[in-house]
Each structure stands twice: as structure tokens, then as C-alpha cells.
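Okay, final24.cif is below, mmCIF, C-alpha atoms:
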```cif
data_model
#
loop_
_atom_site.label_atom_id
_atom_site.label_comp_id
_atom_site.auth_asym_id
_atom_site.auth_seq_id
_atom_site.Cartn_x
_atom_site.Cartn_y
_atom_site.Cartn_z
CA ASP K 1 0.00 0.00 0.00
CA THR K 2 2.87 2.37 0.78
CA LEU K 3 5.09 1.66 -2.23
CA GLY K 4 2.75 0.10 -4.76
CA ASP K 5 2.29 3.26 -6.84
CA LEU K 6 6.05 3.62 -7.46
CA ASP K 7 8.23 2.49 -10.34
CA HIS K 8 11.57 0.71 -9.79
CA ILE K 9 10.21 -1.47 -7.01
CA VAL K 10 10.81 -5.21 -6.72
CA TRP K 11 9.52 -7.42 -3.93
CA GLU K 12 11.62 -9.96 -2.06
CA ILE K 13 9.68 -12.29 0.23
CA GLY K 14 12.55 -12.99 2.60
CA ASN K 15 16.34 -13.03 2.54
CA GLU K 16 18.13 -16.38 2.92
CA CYS K 17 15.14 -18.15 4.42
CA HIS K 18 15.28 -21.81 5.47
CA PRO K 19 14.37 -24.58 2.98
CA ASP K 20 11.04 -25.35 4.68
CA SER K 21 9.82 -21.85 3.76
CA VAL K 22 9.46 -22.61 0.03
CA GLN K 23 5.69 -23.20 0.22
CA TRP K 24 5.29 -19.99 2.24
CA HIS K 25 7.25 -18.13 -0.45
CA GLY K 26 4.85 -19.44 -3.06
CA HIS K 27 1.84 -18.35 -0.99
CA MET K 28 3.24 -14.84 -0.52
CA ILE K 29 4.10 -14.50 -4.23
CA ARG K 30 0.52 -15.39 -5.15
CA PHE K 31 -0.80 -13.05 -2.44
CA ILE K 32 1.18 -10.08 -3.80
CA ARG K 33 0.06 -10.79 -7.35
CA GLU K 34 -3.56 -10.90 -6.24
CA CYS K 35 -3.16 -7.63 -4.33
CA GLU K 36 -1.63 -5.90 -7.35
CA ARG K 37 -3.84 -7.49 -10.01
CA HIS K 38 -6.22 -4.52 -10.30
CA ARG K 39 -3.66 -1.82 -9.50
CA PRO K 40 -2.09 0.43 -12.14
CA LYS K 41 1.37 -1.01 -11.47
CA GLN K 42 2.47 -4.61 -10.99
CA HIS K 43 5.97 -5.36 -9.68
CA LEU K 44 8.39 -8.25 -9.97
CA VAL K 45 8.43 -10.69 -7.03
CA GLY K 46 11.52 -12.74 -6.22
CA MET K 47 13.11 -15.44 -4.10
CA THR K 48 16.69 -15.56 -2.86
CA GLY K 49 18.82 -18.57 -2.16
CA SER K 50 21.45 -19.70 0.30
CA PRO K 51 19.74 -22.29 2.49
CA ILE K 52 17.17 -22.58 -0.34
CA ARG K 53 18.88 -24.24 -3.30
CA ASN K 54 18.60 -23.49 -6.99
CA PRO K 55 16.09 -26.21 -8.03
CA ALA K 56 13.49 -24.78 -5.65
CA LEU K 57 14.24 -21.23 -6.82
CA PHE K 58 14.01 -22.05 -10.52
CA SER K 59 10.83 -24.12 -10.21
CA SER K 60 9.09 -21.46 -8.11
CA GLU K 61 6.50 -18.93 -9.23
CA ALA K 62 8.93 -16.07 -8.65
CA ASP K 63 9.71 -13.60 -11.44
CA TRP K 64 13.34 -13.29 -10.36
CA ALA K 65 15.73 -15.43 -8.36
CA SER K 66 19.07 -14.91 -6.66
CA PRO K 67 20.85 -18.27 -7.03
CA VAL K 68 23.67 -19.99 -5.19
CA GLY K 69 26.79 -21.69 -6.54
CA GLN K 70 30.39 -20.69 -7.23
CA ASP K 71 29.80 -21.08 -10.98
CA TYR K 72 27.75 -17.86 -10.96
CA LEU K 73 31.01 -16.04 -10.21
CA ASP K 74 33.51 -18.10 -12.22
CA ASP K 75 31.54 -19.31 -15.27
CA PRO K 76 27.87 -18.28 -15.00
CA PRO K 77 25.20 -20.42 -16.66
CA VAL K 78 23.65 -18.72 -19.65
CA GLY K 79 20.40 -16.96 -18.78
CA ASP K 80 17.50 -18.68 -20.55
CA GLY K 81 14.96 -15.91 -19.96
CA LYS K 82 12.62 -18.05 -17.84
CA LYS K 83 13.50 -15.96 -14.78
CA LEU K 84 15.48 -12.81 -14.18
CA ILE K 85 18.70 -13.92 -12.50
CA VAL K 86 20.19 -11.58 -9.88
CA VAL K 87 23.64 -12.79 -8.87
CA ASP K 88 24.22 -11.53 -5.33
CA THR K 89 27.65 -12.23 -3.88
CA ASP K 90 26.02 -12.45 -0.44
CA HIS K 91 24.48 -15.76 -1.46
CA ILE K 92 27.65 -17.19 -3.01
CA GLN K 93 30.91 -15.76 -1.68
CA PRO K 94 30.38 -12.45 0.15
CA TRP K 95 33.96 -11.17 0.15
CA ARG K 96 35.01 -12.21 -3.37
CA GLY K 97 37.25 -9.51 -4.85
CA ASP K 98 37.44 -10.39 -8.57
CA PRO K 99 35.66 -7.74 -10.71
CA ARG K 100 35.47 -10.09 -13.69
CA TRP K 101 32.29 -11.68 -12.33
CA VAL K 102 30.47 -8.47 -13.31
CA TRP K 103 31.38 -8.84 -17.00
CA ARG K 104 30.89 -12.61 -17.01
CA ASN K 105 27.34 -12.20 -15.74
CA LEU K 106 26.46 -9.24 -17.94
CA CYS K 107 27.51 -11.19 -21.03
CA ARG K 108 25.57 -14.26 -19.89
CA GLY K 109 22.36 -12.26 -19.45
CA ASN K 110 22.37 -11.98 -15.65
CA HIS K 111 22.06 -9.07 -13.23
CA PHE K 112 24.49 -8.55 -10.34
CA VAL K 113 24.50 -7.25 -6.78
CA LEU K 114 27.56 -6.75 -4.58
CA MET K 115 27.62 -7.38 -0.85
CA ASP K 116 29.96 -4.66 0.39
CA GLY K 117 30.92 -4.40 4.06
CA TYR K 118 30.61 -0.60 3.82
CA ARG K 119 28.03 0.53 6.42
CA ASP K 120 26.84 -3.04 6.86
CA PHE K 121 24.30 -3.56 9.65
CA ARG K 122 26.78 -5.56 11.72
CA MET K 123 28.64 -3.87 14.53
CA GLY K 124 32.13 -2.82 13.55
CA SER K 125 31.37 -2.39 9.84
CA PRO K 126 33.46 0.37 8.21
CA ASP K 127 32.07 3.86 7.72
CA GLU K 128 33.98 4.25 4.46
CA PRO K 129 33.87 2.12 1.30
CA THR K 130 36.09 -0.94 1.62
CA PRO K 131 39.13 -0.81 -0.66
CA GLU K 132 38.84 -4.55 -1.33
CA ALA K 133 35.63 -3.92 -3.28
CA ALA K 134 36.86 -0.84 -5.17
CA ALA K 135 37.57 -2.70 -8.42
CA ILE K 136 34.16 -4.38 -8.35
CA ARG K 137 32.34 -1.10 -7.69
CA CYS K 138 34.25 0.42 -10.61
CA ALA K 139 33.29 -2.50 -12.88
CA MET K 140 29.64 -2.19 -11.91
CA GLY K 141 29.67 1.52 -12.70
CA GLN K 142 31.34 0.88 -16.05
CA ALA K 143 28.74 -1.82 -16.80
CA VAL K 144 25.84 0.53 -16.07
CA ARG K 145 27.29 3.27 -18.27
CA LEU K 146 27.89 0.83 -21.10
CA ALA K 147 24.46 -0.81 -20.76
CA ASN K 148 22.81 2.61 -21.04
CA ARG K 149 24.49 3.07 -24.43
CA MET K 150 23.42 -0.32 -25.77
CA ASP K 151 20.06 -1.54 -27.06
CA LEU K 152 19.68 -4.22 -24.40
CA ARG K 153 16.06 -4.86 -25.37
CA ARG K 154 17.23 -6.68 -28.48
CA MET K 155 20.31 -8.44 -27.10
CA VAL K 156 20.52 -12.00 -25.77
CA PRO K 157 23.36 -14.16 -24.45
CA ALA K 158 25.24 -15.68 -27.37
CA PRO K 159 28.26 -17.60 -26.03
CA ASP K 160 28.82 -19.37 -29.35
CA VAL K 161 29.43 -16.07 -31.14
CA ALA K 162 32.73 -15.41 -29.33
CA SER K 163 35.53 -17.87 -28.64
CA SER K 164 35.77 -16.46 -25.11
CA GLY K 165 32.22 -17.70 -24.45
CA TYR K 166 31.11 -14.29 -23.17
CA CYS K 167 28.91 -12.36 -25.57
CA LEU K 168 25.63 -10.46 -25.71
CA ALA K 169 24.33 -10.07 -29.24
CA SER K 170 21.58 -8.80 -31.42
CA PRO K 171 22.89 -10.91 -34.33
CA GLY K 172 23.83 -8.81 -37.30
CA GLU K 173 23.25 -5.56 -35.41
CA GLU K 174 25.14 -5.27 -32.12
CA TYR K 175 27.65 -7.27 -30.07
CA LEU K 176 29.30 -7.00 -26.65
CA VAL K 177 32.21 -9.38 -26.02
CA PHE K 178 34.29 -9.92 -22.90
CA ALA K 179 37.88 -11.07 -23.45
CA PRO K 180 39.42 -12.16 -20.10
CA ASP K 181 43.09 -11.21 -19.74
CA GLY K 182 42.97 -9.46 -23.11
CA ALA K 183 43.19 -12.78 -24.96
CA ASP K 184 42.57 -12.94 -28.71
CA VAL K 185 38.95 -13.61 -29.56
CA GLU K 186 37.37 -15.12 -32.66
CA LEU K 187 33.90 -13.85 -33.58
CA ASP K 188 31.14 -15.27 -35.76
CA LEU K 189 29.87 -12.17 -37.55
CA ARG K 190 28.29 -13.96 -40.50
CA PRO K 191 24.77 -12.59 -39.82
CA ALA K 192 26.14 -9.02 -40.08
CA GLN K 193 26.03 -7.90 -43.70
CA ALA K 194 26.87 -4.25 -43.08
CA GLU K 195 30.07 -2.71 -41.77
CA LEU K 196 30.49 -2.77 -37.99
CA SER K 197 32.07 0.01 -35.96
CA GLY K 198 32.88 0.07 -32.30
CA GLU K 199 35.47 0.22 -29.57
CA TRP K 200 37.83 -1.92 -27.61
CA MET K 201 37.52 -0.91 -23.95
CA ASP K 202 39.66 -1.28 -20.87
CA PRO K 203 37.03 -1.84 -18.13
CA ARG K 204 39.49 -0.83 -15.39
CA THR K 205 40.16 2.66 -16.74
CA GLY K 206 37.39 3.29 -19.28
CA ALA K 207 39.99 3.82 -22.03
CA GLU K 208 38.68 3.15 -25.54
CA GLN K 209 40.23 2.44 -28.95
CA PRO K 210 38.05 2.51 -32.08
CA ILE K 211 37.71 -0.45 -34.42
CA LEU K 212 36.08 -0.88 -37.84
CA LEU K 213 35.19 -4.27 -39.31
CA PRO K 214 33.55 -5.47 -42.52
CA GLY K 215 30.34 -7.40 -42.08
CA GLY K 216 30.32 -11.18 -42.18
CA GLY K 217 33.12 -13.66 -41.67
CA ARG K 218 34.85 -15.03 -38.58
CA PRO K 219 37.58 -12.52 -37.73
CA ARG K 220 40.17 -13.20 -35.04
CA LEU K 221 40.85 -10.02 -33.13
CA SER K 222 43.53 -8.91 -30.68
CA SER K 223 42.82 -6.48 -27.89
CA PRO K 224 45.03 -3.38 -27.70
CA PHE K 225 44.97 -3.81 -23.91
CA SER K 226 47.01 -6.41 -22.07
CA ALA K 227 44.39 -7.04 -19.36
CA ASP K 228 40.66 -7.84 -19.35
CA SER K 229 39.02 -6.20 -22.35
CA LEU K 230 35.58 -5.49 -23.76
CA LEU K 231 34.65 -5.20 -27.43
CA TRP K 232 31.47 -3.35 -28.39
CA LEU K 233 30.43 -3.52 -32.05
CA ARG K 234 27.30 -2.24 -33.81
CA VAL K 235 26.02 -1.43 -37.26
CA GLY K 236 26.20 2.35 -37.69
CA GLN K 237 27.09 4.76 -34.89
CA THR K 238 25.40 4.48 -31.48
CA SER K 239 25.81 7.28 -28.97
#
```
Show me this structure written as C-alpha cells.
Amino acid sequence: DTLGDLDHIVWEIGNECHPDSVQWHGHMIRFIRECERHRPKQHLVGMTGSPIRNPALFSSEADWASPVGQDYLDDPPVGDGKKLIVVDTDHIQPWRGDPRWVWRNLCRGNHFVLMDGYRDFRMGSPDEPTPEAAAIRCAMGQAVRLANRMDLRRMVPAPDVASSGYCLASPGEEYLVFAPDGADVELDLRPAQAELSGEWMDPRTGAEQPILLPGGGRPRLSSPFSADSLLWLRVGQTS
């Protein structure tokens, strides 16, 4: 009643609840949907894991789920669109310091949330941002800025398009590729008939270097940066 008229609201039934609460989650999800059914705005309702495991999350009636499992940091499963996936480090490995999980999840179609000790509710939490999470916070900011420039509505995970296995694509129109450690990457651009322009990006610094490619073919490309790199390609110029 208090928040239901607002945009940018998502409901979470409970955080890290015990496994026997799954039926209660389902009841509350249905209850919220019934409450909102005749209201001008309906909001996404989700379940989060930790004691609750992924099979129960994925088979639930929730719109979004926050899964468990180290693979969601190291080699995330490809999002299939059945549920919105919100990868929260709190439910996997709270103090993980590798910023690459941001780009791995973005290119696999997942969302991401960082558990940062900064002003945590626990006694003794720091009053200033923790330096251990600085690189991850930077990566998340870079990801938001880049996502706002892309046409995400048309892009889907396409791991087979890039030899790195990390790619979002609107085939023939737009591509985002993550190249860990700046390794060479081979792309399948055969659906693209027109010329592609874009940039190599250093996600640590935001530095960019332009690139121009003919449409079609399977080019093998080398990043101008020696560390983790992003490649954003599109037909025509996108601001």
C-alpha cells in the first residue's frame, strides 16, 4: 500500500530463508500478485537462495531469483529468460574480490549485486567504502554506463558467437564481447552484412580504442589492452 504506486520497485519475500519456507514463499508470491492485479502497477516478485537451493528457486512462481553456486562467479550459466537472475555475492561468496564476475554475468544475461561491508548492519562495519571492493564497484559503474548506451532490449546471451564464451548479441546488429586477460577472440559475424564500428575498452580505466570491421566472416581479433578487455560492435554509430 505504501510503495505500490512507485516504479523501480521489486519485492523480495525474505532473505536467505530456510528450505522449509518454500511453500510460504509461493503463498506470498501469489498473495502479492492478487493484491496488485487490479492496481495500475504490478511489480516483480523474487526469491533468494542460500539455504534454499537453486532447483526450488528455478521451479518457483517467482519472477526473479538470486541463485547460489560458485559457478555464478567463475563461469555463470547462460540466462534462458525463464527468470530474471540476480547474482548476489552475499548468497555465493560475500567477500570475493574479482571484478570479472560483473562482466561474465552481464555477457551471460544476468544481473548482479555486490555485498559490500561498507556501512553493513553488523557492529564494527566500516564507515567508508572498503578498498577490497573498489575494483568491483568500478566495474559495476562501467557496466551501467555501457548498458545505457546499448540496445539491451534486443540483445541476448550468445556464447557461441565469441571464442571467449562471453557475448551479448543482437545478431547482425550489435555485439558485446568480454575477453578475459585481453586474450585474442574469434567472432562469428556472419549474420552481419553491413560494416560494424565500435570500440575496444579497458574496463578498469574506461579507455577506448576505435575499431572498424567489414560485415560477415569469422575474424580473429587482438585487444590493444594487455588485461581484461571489452569489445562493443554495432552497425552504424550508437551514442
Checklist line | Evaluate the PyMOL selection byres ((chain K and resi 220) around 9) and report residues as an MDAnalysis selection string | finding: chainID K and resid 184:187 218:219 221:222
Keeping only C-alpha atoms, write the selected residues as a CSV table (one decimal), keeping the file's coordinate frame.
```
chain,number,residue,atom,x,y,z
K,184,ASP,CA,42.6,-12.9,-28.7
K,185,VAL,CA,39.0,-13.6,-29.6
K,186,GLU,CA,37.4,-15.1,-32.7
K,187,LEU,CA,33.9,-13.8,-33.6
K,218,ARG,CA,34.8,-15.0,-38.6
K,219,PRO,CA,37.6,-12.5,-37.7
K,221,LEU,CA,40.8,-10.0,-33.1
K,222,SER,CA,43.5,-8.9,-30.7
```
Next item on the list: Might you spell out which residues the PyMOL selection byres ((chain K and resi 12-16) around 7) would select in the displayed file, as a VMD selection string?
Entry: chain K and resid 10 to 11 17 to 18 25 28 45 to 51
Item checked: Selected residue, from K:Pro55, K:Gly81, K:Pro40, K:Pro191, that lies nearest to Pro19 in chain K when counting all atoms listed in the file ->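 Among the listed residues, the smallest separation from Pro19 in chain K belongs to K:Pro55.
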Next item on the list: Compute the distance from (29.1, 0.5, -36.0) to each atom, counting all atoms listed in the file, keep the residues with any atom at most 10 Å away, and return them as a ChimeraX atom specification; use the coordinates of the file.
Entry: /K:173-175,194-199,210-214,232-238
Output of the above residues as a PDB file, keeping the file's coordinate frame, restricted to C-alpha atoms:
```pdb
ATOM      1  CA  GLU K 173      23.250  -5.560 -35.410  1.00  0.00           C
ATOM      2  CA  GLU K 174      25.140  -5.270 -32.120  1.00  0.00           C
ATOM      3  CA  TYR K 175      27.650  -7.270 -30.070  1.00  0.00           C
ATOM      4  CA  ALA K 194      26.870  -4.250 -43.080  1.00  0.00           C
ATOM      5  CA  GLU K 195      30.070  -2.710 -41.770  1.00  0.00           C
ATOM      6  CA  LEU K 196      30.490  -2.770 -37.990  1.00  0.00           C
ATOM      7  CA  SER K 197      32.070   0.010 -35.960  1.00  0.00           C
ATOM      8  CA  GLY K 198      32.880   0.070 -32.300  1.00  0.00           C
ATOM      9  CA  GLU K 199      35.470   0.220 -29.570  1.00  0.00           C
ATOM     10  CA  PRO K 210      38.050   2.510 -32.080  1.00  0.00           C
ATOM     11  CA  ILE K 211      37.710  -0.450 -34.420  1.00  0.00           C
ATOM     12  CA  LEU K 212      36.080  -0.880 -37.840  1.00  0.00           C
ATOM     13  CA  LEU K 213      35.190  -4.270 -39.310  1.00  0.00           C
ATOM     14  CA  PRO K 214      33.550  -5.470 -42.520  1.00  0.00           C
ATOM     15  CA  TRP K 232      31.470  -3.350 -28.390  1.00  0.00           C
ATOM     16  CA  LEU K 233      30.430  -3.520 -32.050  1.00  0.00           C
ATOM     17  CA  ARG K 234      27.300  -2.240 -33.810  1.00  0.00           C
ATOM     18  CA  VAL K 235      26.020  -1.430 -37.260  1.00  0.00           C
ATOM     19  CA  GLY K 236      26.200   2.350 -37.690  1.00  0.00           C
ATOM     20  CA  GLN K 237      27.090   4.760 -34.890  1.00  0.00           C
ATOM     21  CA  THR K 238      25.400   4.480 -31.480  1.00  0.00           C
TER      22      THR K 238
END
```
Checklist line | Resolved residues for the PyMOL selection byres ((chain K and resi 143-150) around 12) as a ChimeraX atom specification | finding: /K:99-107,109,111-112,136-142,151-155,168-170,173-176,178,198-199,201-204,206,208,230-235,237-239
Next item on the list: Pick out the closest residue to Gly217 in chain K from this set: K:Val177, K:Ile29, K:Ile85, K:Val161. Count all atoms listed in the file.
Entry: K:Val161
Next item on the list: Just give me the gap between CA of Ala179 in chain K and CA of Val113 in chain K in Å, one decimal is fine.
Entry: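 These two atoms are separated by 21.7 Å.
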Next item on the list: Grab the CA of Tyr118 in chain K to CA of Ala65 in chain K distance for me, in Å with one decimal place.
Entry: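 Straight-line distance from CA of Tyr118 in chain K to CA of Ala65 in chain K works out to 24.3 Å.
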Next item on the list: For each of K:Asp71, K:Asp7, K:Asp116, K:Glu36, take the minimum atom-to-atom distance to Pro131 in chain K, counting all atoms listed in the file, then give the residue where this is smallest.
Entry: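 Checking each candidate against Pro131 in chain K, we get K:Asp116 as the closest.
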Next item on the list: With a distance cut-off of 8 Å and all atoms listed in the file, select the neighbouring residues of Gly97 in chain K, excluding the residue or stretch itself and same-chain residues fewer than 3 positions from it, and output the selection as a VMD selection string.
Entry: chain K and resid 132 to 133 135 to 136
Next item on the list: Return the single residue from K:Gly4, K:Asp181, K:Tyr166, K:Glu128 that is closest to His38 in chain K, with distances computed using only C-alpha atoms.
Entry: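 Nearest candidate to His38 in chain K out of K:Gly4, K:Asp181, K:Tyr166, K:Glu128: K:Gly4.
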Item checked: CA of Ala207 in chain K to CA of Ala134 in chain K, distance in Å rounded to a single decimal -> 17.8 Å
